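Containing mmCIF, C-alpha atoms: run-v4.cif.
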data_final
#
loop_
_atom_site.label_atom_id
_atom_site.label_comp_id
_atom_site.auth_asym_id
_atom_site.auth_seq_id
_atom_site.Cartn_x
_atom_site.Cartn_y
_atom_site.Cartn_z
CA MET A 1098 87.57 53.46 16.32
CA GLU A 1099 89.20 50.67 18.27
CA SER A 1100 87.12 47.53 18.65
CA GLU A 1101 84.44 48.22 21.25
CA HIS A 1102 81.89 46.04 23.00
CA LEU A 1103 78.44 47.17 24.09
CA GLU A 1104 76.75 45.38 26.96
CA GLY A 1105 73.09 44.97 27.81
CA ARG A 1106 69.81 45.34 25.98
CA HIS A 1107 69.50 49.10 26.47
CA ALA A 1108 72.93 49.76 24.97
CA LEU A 1109 72.11 47.44 22.08
CA ALA A 1110 68.80 49.20 21.39
CA GLU A 1111 70.47 52.62 21.41
CA ALA A 1112 73.21 51.39 19.08
CA LEU A 1113 70.71 50.02 16.58
CA ASP A 1114 68.75 53.28 16.67
CA ALA A 1115 71.92 55.36 16.16
CA GLY A 1116 73.18 53.26 13.27
CA VAL A 1117 76.32 52.13 15.06
CA PRO A 1118 78.08 49.56 12.82
CA ILE A 1119 77.73 46.31 14.73
CA GLN A 1120 79.92 43.44 13.61
CA ALA A 1121 78.38 40.67 15.72
CA ILE A 1122 76.08 40.13 18.67
CA TYR A 1123 76.70 37.40 21.25
CA ALA A 1124 73.76 36.26 23.35
CA ASN A 1125 73.13 33.43 25.82
CA ASP A 1126 70.04 31.23 26.04
CA ALA A 1127 68.34 33.49 28.57
CA ALA A 1128 68.68 36.46 26.22
CA PHE A 1129 67.10 34.53 23.36
CA ARG A 1130 64.15 33.70 25.62
CA ASP A 1131 63.71 37.32 26.73
CA LYS A 1132 61.02 38.92 24.53
CA ARG A 1133 62.63 42.35 24.49
CA VAL A 1134 66.08 41.03 23.64
CA SER A 1135 64.77 38.55 21.07
CA LYS A 1136 63.06 41.41 19.21
CA LEU A 1137 66.33 43.33 19.14
CA LEU A 1138 68.18 40.26 17.88
CA ALA A 1139 65.60 39.73 15.14
CA ARG A 1140 65.93 43.38 14.12
CA ALA A 1141 69.72 43.12 14.04
CA GLN A 1142 69.62 39.90 12.03
CA ALA A 1143 67.29 41.54 9.49
CA ASP A 1144 69.96 44.24 9.11
CA GLY A 1145 72.54 41.59 8.28
CA ILE A 1146 74.28 41.52 11.66
CA ARG A 1147 75.72 38.17 12.71
CA ILE A 1148 74.09 36.65 15.81
CA GLU A 1149 75.92 34.00 17.79
CA HIS A 1150 75.04 31.90 20.83
CA ALA A 1151 77.48 32.34 23.69
CA THR A 1152 77.92 30.90 27.13
CA GLY A 1153 77.93 33.03 30.25
CA LYS A 1154 81.67 32.52 30.53
CA GLU A 1155 82.22 33.73 26.98
CA LEU A 1156 80.09 36.82 27.59
CA ASP A 1157 81.98 37.55 30.81
CA ALA A 1158 85.20 37.52 28.80
CA HIS A 1159 83.84 40.31 26.57
CA SER A 1160 82.38 42.27 29.48
CA SER A 1161 84.18 45.13 31.20
CA HIS A 1162 81.92 45.26 34.25
CA GLY A 1163 79.91 42.02 34.22
CA ALA A 1164 76.52 43.66 33.63
CA HIS A 1165 75.91 42.35 30.12
CA GLN A 1166 72.39 40.99 30.78
CA GLY A 1167 73.19 38.05 28.54
CA VAL A 1168 73.98 40.07 25.41
CA VAL A 1169 77.17 41.72 24.12
CA ALA A 1170 77.62 43.50 20.79
CA GLN A 1171 80.98 43.83 19.05
CA ILE A 1172 81.37 47.10 17.14
CA LYS A 1173 83.24 47.41 13.85
CA PRO A 1174 86.39 49.54 14.10
CA TYR A 1175 85.94 52.95 12.44
CA GLU A 1176 88.05 53.45 9.29
CA TYR A 1177 89.63 56.89 9.18
CA VAL A 1178 90.75 58.31 5.85
CA GLY A 1179 94.00 60.08 5.03
CA LEU A 1180 94.31 63.78 4.28
CA HIS A 1181 94.98 62.97 0.63
CA GLN A 1182 91.50 61.46 0.37
CA LEU A 1183 89.90 64.71 1.55
CA VAL A 1184 92.01 66.56 -1.01
CA GLU A 1185 90.86 64.18 -3.74
CA ARG A 1186 87.20 64.64 -2.77
CA ALA A 1187 87.57 68.40 -3.16
CA ALA A 1188 89.80 68.29 -6.24
CA ASP A 1189 87.35 69.82 -8.71
CA ALA A 1190 85.18 71.74 -6.27
CA GLU A 1191 84.96 75.51 -6.43
CA ASN A 1192 83.45 75.49 -2.94
CA ALA A 1193 84.69 73.00 -0.36
CA LEU A 1194 84.73 73.02 3.42
CA ILE A 1195 86.98 70.98 5.70
CA ILE A 1196 86.44 71.36 9.44
CA ALA A 1197 89.66 70.87 11.41
CA CYS A 1198 89.51 70.13 15.14
CA ASP A 1199 92.48 71.39 17.12
CA HIS A 1200 92.41 69.00 20.11
CA ILE A 1201 88.68 69.01 20.77
CA THR A 1202 88.30 66.35 23.43
CA ASP A 1203 84.60 66.26 24.32
CA ALA A 1204 82.78 63.45 22.52
CA GLY A 1205 79.53 65.42 22.48
CA ASN A 1206 81.14 68.44 20.84
CA PHE A 1207 83.00 66.26 18.33
CA GLY A 1208 79.84 64.41 17.35
CA ALA A 1209 77.91 67.66 16.96
CA ILE A 1210 80.68 69.06 14.73
CA VAL A 1211 80.55 66.00 12.49
CA ARG A 1212 76.77 66.39 12.30
CA THR A 1213 77.19 70.01 11.20
CA ALA A 1214 79.74 68.92 8.59
CA ASP A 1215 77.19 66.53 7.13
CA VAL A 1216 74.33 69.05 7.16
CA VAL A 1217 76.24 71.77 5.29
CA GLY A 1218 77.80 69.33 2.82
CA ALA A 1219 81.39 69.63 4.00
CA THR A 1220 84.12 67.64 2.30
CA GLY A 1221 85.17 66.13 5.60
CA VAL A 1222 86.60 66.59 9.07
CA LEU A 1223 90.28 66.63 10.05
CA ILE A 1224 91.56 65.65 13.50
CA PRO A 1225 94.98 65.01 15.05
CA ASN A 1226 95.67 61.48 16.24
CA ARG A 1227 96.54 62.55 19.79
CA ARG A 1228 94.68 64.53 22.47
CA CYS A 1229 91.48 64.64 20.46
CA ALA A 1230 88.10 62.92 20.66
CA ARG A 1231 87.83 59.89 18.39
CA VAL A 1232 84.98 58.07 16.76
CA THR A 1233 83.27 55.88 19.35
CA THR A 1234 79.75 54.61 19.83
CA ALA A 1235 79.07 57.89 21.66
CA THR A 1236 80.05 59.81 18.53
CA TYR A 1237 77.51 57.90 16.45
CA LYS A 1238 74.81 58.98 18.90
CA THR A 1239 75.83 62.64 19.29
CA SER A 1240 76.31 63.03 15.53
CA ALA A 1241 72.91 61.41 14.84
CA GLY A 1242 74.74 58.86 12.70
CA ALA A 1243 76.56 61.48 10.59
CA VAL A 1244 79.94 59.79 11.17
CA ALA A 1245 78.75 57.09 8.77
CA HIS A 1246 78.52 59.69 5.98
CA VAL A 1247 81.31 62.22 6.65
CA PRO A 1248 84.94 61.22 5.93
CA ILE A 1249 87.14 61.87 8.95
CA ALA A 1250 90.87 62.18 8.37
CA GLN A 1251 93.25 61.50 11.23
CA GLU A 1252 96.76 62.89 10.87
CA ALA A 1253 99.79 63.04 13.17
CA ASN A 1254 100.58 66.73 12.66
CA LEU A 1255 97.70 69.19 12.30
CA VAL A 1256 99.91 72.16 11.37
CA LYS A 1257 101.61 70.26 8.53
CA SER A 1258 98.19 69.12 7.34
CA LEU A 1259 96.98 72.72 7.23
CA GLU A 1260 100.08 73.72 5.27
CA ARG A 1261 99.38 70.92 2.79
CA LEU A 1262 95.80 72.11 2.37
CA LYS A 1263 97.06 75.62 1.67
CA GLU A 1264 99.14 74.17 -1.16
CA GLU A 1265 95.95 72.60 -2.50
CA GLY A 1266 94.25 75.97 -2.74
CA PHE A 1267 92.46 76.11 0.61
CA TRP A 1268 92.18 79.28 2.69
CA VAL A 1269 92.71 78.41 6.38
CA ILE A 1270 90.37 80.28 8.73
CA GLY A 1271 90.75 79.92 12.49
CA ALA A 1272 87.98 80.65 14.97
CA SER A 1273 89.07 82.70 17.96
CA GLU A 1274 87.11 84.83 20.40
CA HIS A 1275 90.09 87.21 20.40
CA ALA A 1276 89.94 87.82 16.64
CA LYS A 1277 89.07 91.32 15.41
CA THR A 1278 87.27 90.21 12.24
CA LEU A 1279 83.62 89.16 12.51
CA LEU A 1280 82.53 86.09 10.57
CA TRP A 1281 80.32 88.06 8.15
CA ASP A 1282 83.18 90.46 7.35
CA ALA A 1283 85.52 87.61 6.41
CA PRO A 1284 85.79 86.00 2.94
CA LEU A 1285 84.43 82.55 3.82
CA SER A 1286 83.23 81.32 0.43
CA GLY A 1287 85.24 78.98 -1.76
CA ARG A 1288 87.75 76.39 -0.57
CA ILE A 1289 87.96 76.85 3.18
CA VAL A 1290 89.48 74.99 6.12
CA LEU A 1291 87.64 76.05 9.25
CA VAL A 1292 89.85 75.42 12.30
CA MET A 1293 88.12 75.10 15.66
CA GLY A 1294 90.11 75.14 18.90
CA SER A 1295 89.85 73.06 22.06
CA GLU A 1296 87.15 73.63 24.64
CA ASP A 1297 89.57 74.94 27.28
CA THR A 1298 92.36 76.81 25.50
CA GLY A 1299 91.13 77.48 21.99
CA LEU A 1300 93.59 77.32 19.12
CA ALA A 1301 97.15 76.24 19.91
CA ARG A 1302 99.80 78.85 19.17
CA LEU A 1303 101.31 77.09 16.14
CA THR A 1304 97.87 76.34 14.76
CA ARG A 1305 96.84 79.97 15.20
CA GLU A 1306 99.99 81.19 13.47
CA THR A 1307 99.35 78.84 10.54
CA CYS A 1308 95.90 80.28 9.87
CA ASP A 1309 95.51 82.83 7.07
CA MET A 1310 92.89 84.69 9.09
CA LEU A 1311 91.19 84.57 12.47
CA VAL A 1312 87.48 85.29 12.83
CA CYS A 1313 85.05 85.53 15.71
CA LEU A 1314 81.33 85.55 16.34
CA PRO A 1315 79.64 88.75 17.54
CA GLN A 1316 78.51 88.74 21.16
CA PHE A 1317 75.85 90.96 22.68
CA GLY A 1318 74.73 88.93 25.69
CA HIS A 1319 76.17 88.18 29.09
CA VAL A 1320 77.67 84.68 28.80
CA GLU A 1321 81.28 84.33 27.73
CA SER A 1322 80.77 82.59 24.37
CA LEU A 1323 79.12 79.73 22.53
CA ASN A 1324 80.63 76.29 22.95
CA VAL A 1325 82.83 75.01 20.15
CA ALA A 1326 80.12 72.88 18.53
CA GLN A 1327 77.64 75.76 18.41
CA ALA A 1328 80.29 78.13 17.05
CA THR A 1329 81.19 75.62 14.35
CA THR A 1330 77.58 75.48 13.21
CA ALA A 1331 77.34 79.27 12.97
CA LEU A 1332 80.58 79.55 10.98
CA ALA A 1333 79.76 76.62 8.69
CA TYR A 1334 76.40 78.14 7.81
CA GLU A 1335 78.07 81.47 7.06
CA TRP A 1336 80.37 79.60 4.66
CA MET A 1337 77.29 78.06 3.01
CA ARG A 1338 75.53 81.44 2.82
CA GLN A 1339 78.51 83.17 1.23
CA CYS A 1340 78.94 80.36 -1.28
CA ASN A 1341 75.30 80.71 -2.30
CA VAL A 1342 75.61 84.49 -2.61
CA ALA A 1343 78.70 84.08 -4.81
CA LYS A 1344 76.75 81.80 -7.17
CA SER A 1345 73.86 84.24 -7.62
#

As structure tokens, how would this structure be written, given the file I've shared?
Amino acid sequence: MESEHLEGRHALAEALDAGVPIQAIYANDAAFRDKRVSKLLARAQADGIRIEHATGKELDAHSSHGAHQGVVAQIKPYEYVGLHQLVERAADAENALIIACDHITDAGNFGAIVRTADVVGATGVLIPNRRCARVTTATYKTSAGAVAHVPIAQEANLVKSLERLKEEGFWVIGASEHAKTLLWDAPLSGRIVLVMGSEDTGLARLTRETCDMLVCLPQFGHVESLNVAQATTALAYEWMRQCNVAKS
């Protein structure tokens, strides 16, 4: 995550609640005198966050729209991992799940996918470094703070990364509404990379061709399909279920 600044007491309160990693908070005299803001500052200080006095001019310099209400928070940049670190985490695991996002751009969907990864105990999440949602303060909120616990690898070439994971013993499964194999008919236990496509176009051609298998969710209703975050949850839980069945 590039260095971000949050402005205003409401944004600060939401960031503290979501566990957003705040590096420092800058506040002017009026903010320190405001009871609501002073409580937030005391809470932040108790969490080890640096609090600094700032002039109005200094706050204006950090502000993008001038509505900082006397308080601006500087967010720590998010530290992505490399693909090799995900491989190392799964080195001795019989069952391991990596969720790969093929140009998923909506921050809400991305955050929900990271949350699912945390809930099912996935090894991590893999994203390309272009045309894909990144970790921002919004991601902390939509993931319910899961981005603080799930390693996210950012690589330049998703297809090459999938090929590398195949070499490491992973089976690459792509989700596609056009697939002929239903999720519960597919071998999803073990070391799996679950590849989810973009909201608008699904899996890119080269990504689709790199997958070992394509699977879909059954549909009996009237709407076209689940969104990508909901579909990820269903598929990830099927991976978990099959892994548990294999153990018994």

Check your understanding: Can you list, as a PyMOL selection string, every protein, DNA or RNA residue that comes within 12 Å of Cys1340 in chain A when you count all atoms listed in the file, leaving out same-chain residues fewer than 3 positions away?
Key -> chain A and resi 1190-1194+1217-1218+1284-1289+1333-1337+1343-1345

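Remark: residues at most 9 Å from position (85.8, 57.7, 11.1) in file coordinates are Met1098, Pro1174, Tyr1175, Glu1176, Tyr1177, Val1178, Arg1231, Val1232, Thr1233, Val1244, Ala1245, Val1247, Pro1248, Ile1249, Ala1250 and Gln1251 of chain A, using all atoms listed in the file.
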
Practice item. Would you mind listing what lies within 9 Å of range 1129-1142 of chain A as a list in words, with only C-alpha atoms counted and same-chain residues fewer than 5 positions away left out? Key: Arg1106, Leu1109, Ala1110, Leu1113, Ile1119, Ile1122, Ala1124, Arg1147, Ile1148, His1150, Gly1167 and Val1168 of chain A

Store the residues picked out above in a file with C-alpha atoms, as a PDB file, in the coordinates of the input.
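Everything below was put into result_15.pdb:
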ATOM      1  CA  ARG A1106      69.810  45.340  25.980  1.00  0.00           C
ATOM      2  CA  LEU A1109      72.110  47.440  22.080  1.00  0.00           C
ATOM      3  CA  ALA A1110      68.800  49.200  21.390  1.00  0.00           C
ATOM      4  CA  LEU A1113      70.710  50.020  16.580  1.00  0.00           C
ATOM      5  CA  ILE A1119      77.730  46.310  14.730  1.00  0.00           C
ATOM      6  CA  ILE A1122      76.080  40.130  18.670  1.00  0.00           C
ATOM      7  CA  ALA A1124      73.760  36.260  23.350  1.00  0.00           C
ATOM      8  CA  ARG A1147      75.720  38.170  12.710  1.00  0.00           C
ATOM      9  CA  ILE A1148      74.090  36.650  15.810  1.00  0.00           C
ATOM     10  CA  HIS A1150      75.040  31.900  20.830  1.00  0.00           C
ATOM     11  CA  GLY A1167      73.190  38.050  28.540  1.00  0.00           C
ATOM     12  CA  VAL A1168      73.980  40.070  25.410  1.00  0.00           C
TER      13      VAL A1168
END

The PyMOL selection byres ((chain A and resi 1293-1299) around 9) applied to the shown file, residues as a PDB file with C-alpha atoms, in the coordinates of the input:
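Written out: out-v9.pdb:
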ATOM      1  CA  ILE A1196      86.440  71.360   9.440  1.00  0.00           C
ATOM      2  CA  ALA A1197      89.660  70.870  11.410  1.00  0.00           C
ATOM      3  CA  CYS A1198      89.510  70.130  15.140  1.00  0.00           C
ATOM      4  CA  ASP A1199      92.480  71.390  17.120  1.00  0.00           C
ATOM      5  CA  HIS A1200      92.410  69.000  20.110  1.00  0.00           C
ATOM      6  CA  ILE A1201      88.680  69.010  20.770  1.00  0.00           C
ATOM      7  CA  THR A1202      88.300  66.350  23.430  1.00  0.00           C
ATOM      8  CA  ASP A1203      84.600  66.260  24.320  1.00  0.00           C
ATOM      9  CA  ASN A1206      81.140  68.440  20.840  1.00  0.00           C
ATOM     10  CA  CYS A1229      91.480  64.640  20.460  1.00  0.00           C
ATOM     11  CA  ILE A1270      90.370  80.280   8.730  1.00  0.00           C
ATOM     12  CA  GLY A1271      90.750  79.920  12.490  1.00  0.00           C
ATOM     13  CA  ALA A1272      87.980  80.650  14.970  1.00  0.00           C
ATOM     14  CA  SER A1273      89.070  82.700  17.960  1.00  0.00           C
ATOM     15  CA  GLU A1274      87.110  84.830  20.400  1.00  0.00           C
ATOM     16  CA  LEU A1291      87.640  76.050   9.250  1.00  0.00           C
ATOM     17  CA  VAL A1292      89.850  75.420  12.300  1.00  0.00           C
ATOM     18  CA  LEU A1300      93.590  77.320  19.120  1.00  0.00           C
ATOM     19  CA  ALA A1301      97.150  76.240  19.910  1.00  0.00           C
ATOM     20  CA  THR A1304      97.870  76.340  14.760  1.00  0.00           C
ATOM     21  CA  ASN A1324      80.630  76.290  22.950  1.00  0.00           C
ATOM     22  CA  VAL A1325      82.830  75.010  20.150  1.00  0.00           C
ATOM     23  CA  ALA A1326      80.120  72.880  18.530  1.00  0.00           C
ATOM     24  CA  ALA A1328      80.290  78.130  17.050  1.00  0.00           C
ATOM     25  CA  THR A1329      81.190  75.620  14.350  1.00  0.00           C
TER      26      THR A1329
END

**Study point:** CA of Ala1209 in chain A to CA of Arg1227 in chain A, distance in Å rounded to a single decimal
**Key:** 19.5 Å

Practice item. Could you please determine the separation between CA of Gly1208 in chain A and CA of Tyr1237 in chain A in Å, to one decimal place? Key: 7.0 Å
